[in-house]
file structure_26.cif (mmCIF, C-alpha atoms and all ligand atoms)
data_data
loop_
_atom_site.label_atom_id
_atom_site.label_comp_id
_atom_site.auth_asym_id
_atom_site.auth_seq_id
_atom_site.Cartn_x
_atom_site.Cartn_y
_atom_site.Cartn_z
CA MET A 1 112.03 82.22 85.43
CA VAL A 2 111.30 84.83 82.79
CA ASP A 3 108.34 82.72 81.67
CA SER A 4 106.10 84.57 84.12
CA LEU A 5 107.02 87.85 82.39
CA ILE A 6 106.18 86.42 78.97
CA LYS A 7 102.85 85.26 80.37
CA GLY A 8 102.36 88.73 81.91
CA PHE A 9 103.02 90.37 78.58
CA LYS A 10 100.54 88.08 76.84
CA ASP A 11 97.93 89.08 79.44
CA PHE A 12 98.77 92.76 78.88
CA LYS A 13 98.47 92.30 75.13
CA LYS A 14 95.10 90.56 75.40
CA ASN A 15 93.52 92.60 78.18
CA TYR A 16 95.02 96.00 77.57
CA TYR A 17 96.75 96.41 74.23
CA GLU A 18 94.08 94.81 72.12
CA ARG A 19 91.20 96.18 74.15
CA ASP A 20 92.51 99.75 74.16
CA LYS A 21 94.56 99.80 71.01
CA GLU A 22 93.37 103.29 70.15
CA THR A 23 95.12 104.77 73.20
CA ILE A 24 98.38 103.09 72.26
CA LEU A 25 98.13 104.13 68.61
CA ASN A 26 97.34 107.66 69.70
CA LEU A 27 100.52 107.68 71.79
CA VAL A 28 102.45 106.52 68.75
CA LYS A 29 100.86 109.09 66.46
CA ASN A 30 100.94 112.09 68.78
CA GLY A 31 103.88 111.13 71.00
CA GLN A 32 103.92 110.92 74.76
CA LYS A 33 102.60 113.84 76.80
CA PRO A 34 102.87 112.73 80.43
CA LYS A 35 102.06 115.42 83.00
CA ILE A 36 103.91 113.66 85.81
CA LEU A 37 107.52 112.72 86.38
CA VAL A 38 108.02 110.11 89.12
CA ILE A 39 111.50 109.62 90.53
CA ALA A 40 111.39 106.26 92.28
CA CYS A 41 113.72 103.61 93.66
CA SER A 42 114.83 100.62 91.58
CA ASP A 43 113.45 98.39 94.36
CA SER A 44 111.23 95.66 92.86
CA ARG A 45 108.54 96.28 95.49
CA VAL A 46 107.82 99.89 94.58
CA ASP A 47 106.98 100.05 90.89
CA PRO A 48 105.18 103.40 90.38
CA ALA A 49 103.11 102.13 87.44
CA ILE A 50 101.69 99.35 89.64
CA LEU A 51 101.30 101.49 92.79
CA PHE A 52 99.44 104.24 90.95
CA GLN A 53 97.68 102.01 88.42
CA ALA A 54 99.08 104.26 85.71
CA LYS A 55 98.24 103.81 82.07
CA PRO A 56 100.79 103.90 79.22
CA GLY A 57 101.71 107.51 78.55
CA GLU A 58 100.59 108.72 81.98
CA ILE A 59 103.85 108.93 83.96
CA PHE A 60 107.43 109.51 82.93
CA THR A 61 109.61 107.54 85.31
CA ILE A 62 113.18 107.66 86.54
CA ARG A 63 114.29 104.85 88.80
CA ASN A 64 117.61 104.62 90.59
CA VAL A 65 119.09 103.33 93.85
CA ALA A 66 117.23 105.14 96.68
CA ASN A 67 115.29 107.51 94.37
CA LEU A 68 117.97 110.19 94.61
CA VAL A 69 118.29 113.46 92.74
CA PRO A 70 121.85 114.80 92.46
CA GLU A 71 122.60 118.51 92.50
CA TYR A 72 122.69 120.39 89.18
CA ASN A 73 126.20 119.89 87.85
CA PRO A 74 126.68 120.52 84.11
CA ASP A 75 130.33 119.42 84.11
CA GLY A 76 130.25 117.27 80.99
CA GLY A 77 129.96 114.08 83.05
CA LEU A 78 127.52 111.26 82.30
CA HIS A 79 124.45 112.35 84.25
CA GLY A 80 121.66 109.87 83.52
CA VAL A 81 119.26 111.13 86.17
CA SER A 82 119.79 114.81 85.31
CA SER A 83 119.30 114.02 81.59
CA ALA A 84 115.95 112.40 82.27
CA ILE A 85 114.89 115.30 84.51
CA GLU A 86 115.94 117.74 81.78
CA TYR A 87 113.94 115.89 79.14
CA ALA A 88 110.87 115.66 81.37
CA VAL A 89 110.93 119.32 82.39
CA ARG A 90 112.23 121.09 79.28
CA ASP A 91 110.86 118.90 76.49
CA LEU A 92 107.85 117.06 77.86
CA LYS A 93 106.99 120.01 80.13
CA VAL A 94 105.65 117.84 82.94
CA GLU A 95 103.57 119.76 85.46
CA ASN A 96 104.38 117.64 88.50
CA ILE A 97 107.43 115.89 89.87
CA ILE A 98 106.98 113.24 92.57
CA ILE A 99 109.97 111.94 94.48
CA LEU A 100 108.75 108.54 95.62
CA GLY A 101 110.70 107.13 98.55
CA HIS A 102 109.81 104.03 100.49
CA ALA A 103 110.26 102.07 103.71
CA HIS A 104 113.01 99.44 103.93
CA CYS A 105 115.07 101.08 101.19
CA GLY A 106 118.32 99.17 100.70
CA GLY A 107 120.06 102.24 99.25
CA ILE A 108 119.21 104.34 102.31
CA ALA A 109 120.27 101.44 104.55
CA ALA A 110 123.65 101.52 102.78
CA LEU A 111 123.86 105.27 103.45
CA CYS A 112 122.92 104.81 107.13
CA ASP A 113 125.61 102.14 107.36
CA THR A 114 128.20 104.76 106.45
CA PHE A 115 126.90 106.98 109.30
CA ILE A 116 127.19 104.26 111.92
CA LYS A 117 130.09 102.42 110.40
CA ASP A 118 131.22 99.59 112.62
CA LYS A 119 134.98 99.90 112.49
CA SER A 120 135.34 96.27 113.56
CA LYS A 121 133.73 95.16 110.31
CA ILE A 122 136.47 94.63 107.78
CA GLU A 123 135.56 95.19 104.17
CA THR A 124 136.41 92.28 101.91
CA GLU A 125 136.34 91.98 98.12
CA GLU A 126 133.04 90.19 98.65
CA THR A 127 131.37 92.96 100.67
CA LYS A 128 132.98 95.99 99.02
CA ARG A 129 130.87 97.86 96.46
CA GLU A 130 132.29 99.97 93.65
CA PHE A 131 129.46 102.39 92.93
CA ILE A 132 126.78 102.30 95.61
CA SER A 133 128.49 104.25 98.40
CA ASP A 134 129.44 107.15 96.12
CA TRP A 135 125.93 107.21 94.68
CA VAL A 136 124.06 107.21 98.02
CA ASN A 137 126.47 109.86 99.29
CA ILE A 138 124.34 112.30 97.27
CA ALA A 139 122.21 112.36 100.43
CA ALA A 140 125.15 112.34 102.88
CA ASN A 141 124.22 115.70 104.41
CA ILE A 142 121.00 114.29 105.90
CA LYS A 143 123.29 112.92 108.62
CA ASN A 144 122.91 116.28 110.38
CA ASN A 145 119.12 115.85 110.57
CA ILE A 146 118.93 112.38 112.06
CA ASN A 147 119.63 111.09 115.51
CA LEU A 148 122.17 108.30 115.23
CA HIS A 149 121.13 107.02 118.65
CA ASP A 150 117.62 106.17 117.44
CA SER A 151 116.73 102.53 116.91
CA ILE A 152 117.87 101.25 113.51
CA GLU A 153 114.28 101.05 112.24
CA SER A 154 113.27 104.57 113.16
CA LEU A 155 116.65 105.93 112.03
CA GLN A 156 116.13 104.24 108.68
CA HIS A 157 112.59 105.62 108.26
CA ILE A 158 113.70 109.11 109.21
CA ALA A 159 116.66 108.87 106.82
CA GLU A 160 114.36 107.76 103.99
CA ARG A 161 112.16 110.82 104.53
CA GLU A 162 115.06 113.22 105.04
CA SER A 163 116.52 111.94 101.79
CA ILE A 164 113.28 112.78 99.97
CA LYS A 165 113.55 116.34 101.33
CA ASN A 166 117.18 116.43 100.19
CA SER A 167 116.21 115.35 96.68
CA ILE A 168 113.57 118.10 96.56
CA LYS A 169 116.24 120.60 97.64
CA ASN A 170 118.54 119.33 94.88
CA LEU A 171 115.77 119.65 92.29
CA TYR A 172 115.65 123.36 93.10
CA THR A 173 119.31 123.69 92.04
CA PHE A 174 118.35 123.00 88.39
CA PRO A 175 117.74 126.51 86.99
CA TRP A 176 114.98 125.50 84.58
CA VAL A 177 113.22 123.50 87.33
CA LEU A 178 113.30 126.59 89.56
CA LYS A 179 112.10 128.79 86.69
CA SER A 180 109.11 126.50 85.99
CA ILE A 181 108.22 126.41 89.70
CA ARG A 182 108.37 130.22 89.92
CA GLU A 183 106.14 130.51 86.85
CA ASN A 184 103.65 128.13 88.53
CA LYS A 185 104.10 125.60 85.76
CA LEU A 186 105.62 122.90 87.95
CA ASN A 187 104.78 121.37 91.34
CA ILE A 188 107.11 119.22 93.40
CA PHE A 189 105.92 116.48 95.76
CA GLY A 190 107.81 114.22 98.17
CA TRP A 191 106.02 110.95 98.90
CA TRP A 192 107.06 108.04 101.11
CA PHE A 193 105.47 104.62 100.62
CA ASP A 194 104.93 102.68 103.83
CA LEU A 195 105.13 99.07 102.67
CA GLU A 196 103.84 97.46 105.88
CA ASN A 197 100.71 99.56 106.16
CA GLY A 198 100.09 100.21 102.47
CA GLU A 199 99.95 103.97 102.98
CA ILE A 200 101.57 106.96 101.30
CA LEU A 201 102.77 109.94 103.33
CA SER A 202 103.36 113.27 101.61
CA TYR A 203 105.79 115.98 102.64
CA ASP A 204 104.31 119.27 103.76
CA ASP A 205 107.12 121.82 103.52
CA LYS A 206 105.20 124.54 105.39
CA ASN A 207 105.03 122.44 108.55
CA ASP A 208 108.06 120.27 107.76
CA LYS A 209 105.98 117.13 108.31
CA PHE A 210 104.84 114.06 106.39
CA PHE A 211 101.08 113.39 106.38
CA ASN A 212 98.97 110.50 105.18
CA ILE A 213 97.32 111.06 101.79
CA SER A 214 95.99 107.55 101.26
CA LYS A 215 93.56 107.21 104.17
CA LYS A 216 90.48 108.62 102.48
CA ASP A 217 88.40 106.07 100.71
CA ASP A 218 87.61 107.99 97.55
ZN ZN B 1 114.86 101.83 97.77
#

call {"tool": "encode", "arguments": {"input": "structure_26.cif", "output": "structure tokens"}}
result
Amino acid sequence: MVDSLIKGFKDFKKNYYERDKETILNLVKNGQKPKILVIACSDSRVDPAILFQAKPGEIFTIRNVANLVPEYNPDGGLHGVSSAIEYAVRDLKVENIIILGHAHCGGIAALCDTFIKDKSKIETEETKREFISDWVNIAANIKNNINLHDSIESLQHIAERESIKNSIKNLYTFPWVLKSIRENKLNIFGWWFDLENGEILSYDDKNDKFFNISKKDD
């Protein structure tokens, strides 16, 4: 099964690495200087490097279940996501952060499940998860912004977008993120990838709406 990856790497080596070796060697010599941090979901269908056709060195990426950003909490705990945000903002000095959410997110579905928990469903050792519910609970307060009587599909899509807004809000709790924003050195974007239609919607905080940024053919 991993044979396809080995073949993929050989293609990359032949068509990219060897053809554009200078770029790679430059990245080795001068280090990485990405201007963009993308915080995306671990979902295999939403790889930012593929979606944005990014080149090596172009985007610094964090991927986790449901593309969540926790609140700033320097309590000595093991904060993998916050560490990567810290490195991107304070060391790499990225100029843009994109929270990339997506349709049909399993992590957000797990969160929505906790909102509409069917009490008749009994958790078994087989269905119980040890980490996921606590993790997706980072976005638990979006419950107040969604209508639990909506159809499952629209509830899920709304929850995915509300969660992006929640992650943006949490980014603002990191003091050095806030400082860079105030000094106009950092921009924050919330994007939602619509898998079925192949479009990306971006969050407009002034109007509290998501709008399509992928329609134009340019
Ligand atoms: Zn997801």

call {"tool": "closest_residue", "arguments": {"input": "structure_26.cif", "among": "A:Lys35, A:Lys55, A:Arg63, A:Lys169", "to": "ligand ZN 1 (chain B)", "atoms": "all atoms listed in the file"}}
result
A:Arg63

call {"tool": "closest_residue", "arguments": {"input": "structure_26.cif", "among": "A:Val28, A:Ile122, A:Leu68, A:Ile213", "to": "Gly80 of chain A", "atoms": "all atoms listed in the file"}}
result
A:Leu68

call {"tool": "closest_residue", "arguments": {"input": "structure_26.cif", "among": "A:Ile24, A:Leu51, A:Leu5, A:Ala66", "to": "ligand ZN 1 (chain B)", "atoms": "all atoms listed in the file"}}
result
A:Ala66

call {"tool": "residues_near_ligand", "arguments": {"input": "structure_26.cif", "ligand": "ligand ZN 1 (chain B)", "cutoff": "6 Å", "atoms": "all atoms listed in the file", "output": "list in words"}}
result
Cys41, Asp43, Val65, Ala66, Cys105, Gly106 and Gly107 of chain A

call {"tool": "axis_aligned_box", "arguments": {"input": "structure_26.cif", "around": "segment 26-39 of chain A", "padding_each_side": "8 Å", "output": "lines of an AutoDock Vina configuration file"}}
result
center_x = 104.4
center_y = 111.0
center_z = 78.5
size_x = 30.2
size_y = 24.9
size_z = 40.1

call {"tool": "closest_atom_pairs", "arguments": {"input": "structure_26.cif", "of": "segment 25-144 of chain A", "to": "segment 193-200 of chain A", "cutoff": "7 Å", "atoms": "only C-alpha atoms", "output": "Markdown table"}}
result
| residue | atom | partner | partner_atom | distance |
| --- | --- | --- | --- | --- |
| A:Gly101 | CA | A:Phe193 | CA | 6.2 |
| A:His102 | CA | A:Phe193 | CA | 4.4 |
| A:Ala103 | CA | A:Asp194 | CA | 5.4 |

call {"tool": "atom_distance", "arguments": {"input": "structure_26.cif", "atom1": "atom CA of His157 of chain A", "atom2": "atom CA of Leu37 of chain A"}}
result
23.6 Å

call {"tool": "residues_around", "arguments": {"input": "structure_26.cif", "residues": "segment 177-188 of chain A", "least_positions_apart": "3", "cutoff": "6 Å", "atoms": "only C-alpha atoms", "output": "list in words"}}
result
Glu95, Asn96, Ile97, Tyr172 and Phe174 of chain A

call {"tool": "residues_around", "arguments": {"input": "structure_26.cif", "residues": "Ala139 of chain A", "least_positions_apart": "5", "cutoff": "8 Å", "atoms": "only C-alpha atoms", "output": "PyMOL selection string"}}
result
chain A and resi 68+111+163+166-167

call {"tool": "closest_residue", "arguments": {"input": "structure_26.cif", "among": "A:Thr23, A:Ser83, A:Thr61, A:Asn147", "to": "Ala40 of chain A", "atoms": "all atoms listed in the file"}}
result
A:Thr61

call {"tool": "closest_residue", "arguments": {"input": "structure_26.cif", "among": "A:Glu126, A:Glu160, A:Tyr72, A:Ile152", "to": "Ala140 of chain A", "atoms": "all atoms listed in the file"}}
result
A:Glu160

call {"tool": "decode", "arguments": {"input": "structure_26.cif", "residues": "segment 5-18 of chain A", "atoms": "C-alpha atoms", "output": "PDB file, in the first residue's frame"}}
result
ATOM      1  CA  LEU A   5       3.921   6.860  -1.900  1.00  0.00           C
ATOM      2  CA  ILE A   6       7.353   5.580  -2.905  1.00  0.00           C
ATOM      3  CA  LYS A   7       6.351   6.005  -6.541  1.00  0.00           C
ATOM      4  CA  GLY A   8       5.045   9.503  -5.704  1.00  0.00           C
ATOM      5  CA  PHE A   9       8.335  10.415  -4.089  1.00  0.00           C
ATOM      6  CA  LYS A  10      10.282   9.170  -7.105  1.00  0.00           C
ATOM      7  CA  ASP A  11       8.093  11.385  -9.316  1.00  0.00           C
ATOM      8  CA  PHE A  12       8.701  14.339  -6.973  1.00  0.00           C
ATOM      9  CA  LYS A  13      12.435  13.688  -7.060  1.00  0.00           C
ATOM     10  CA  LYS A  14      12.527  13.499 -10.856  1.00  0.00           C
ATOM     11  CA  ASN A  15      10.073  16.257 -11.719  1.00  0.00           C
ATOM     12  CA  TYR A  16      10.635  18.678  -8.889  1.00  0.00           C
ATOM     13  CA  TYR A  17      13.728  18.031  -6.818  1.00  0.00           C
ATOM     14  CA  GLU A  18      16.104  17.460  -9.688  1.00  0.00           C
TER      15      GLU A  18
END
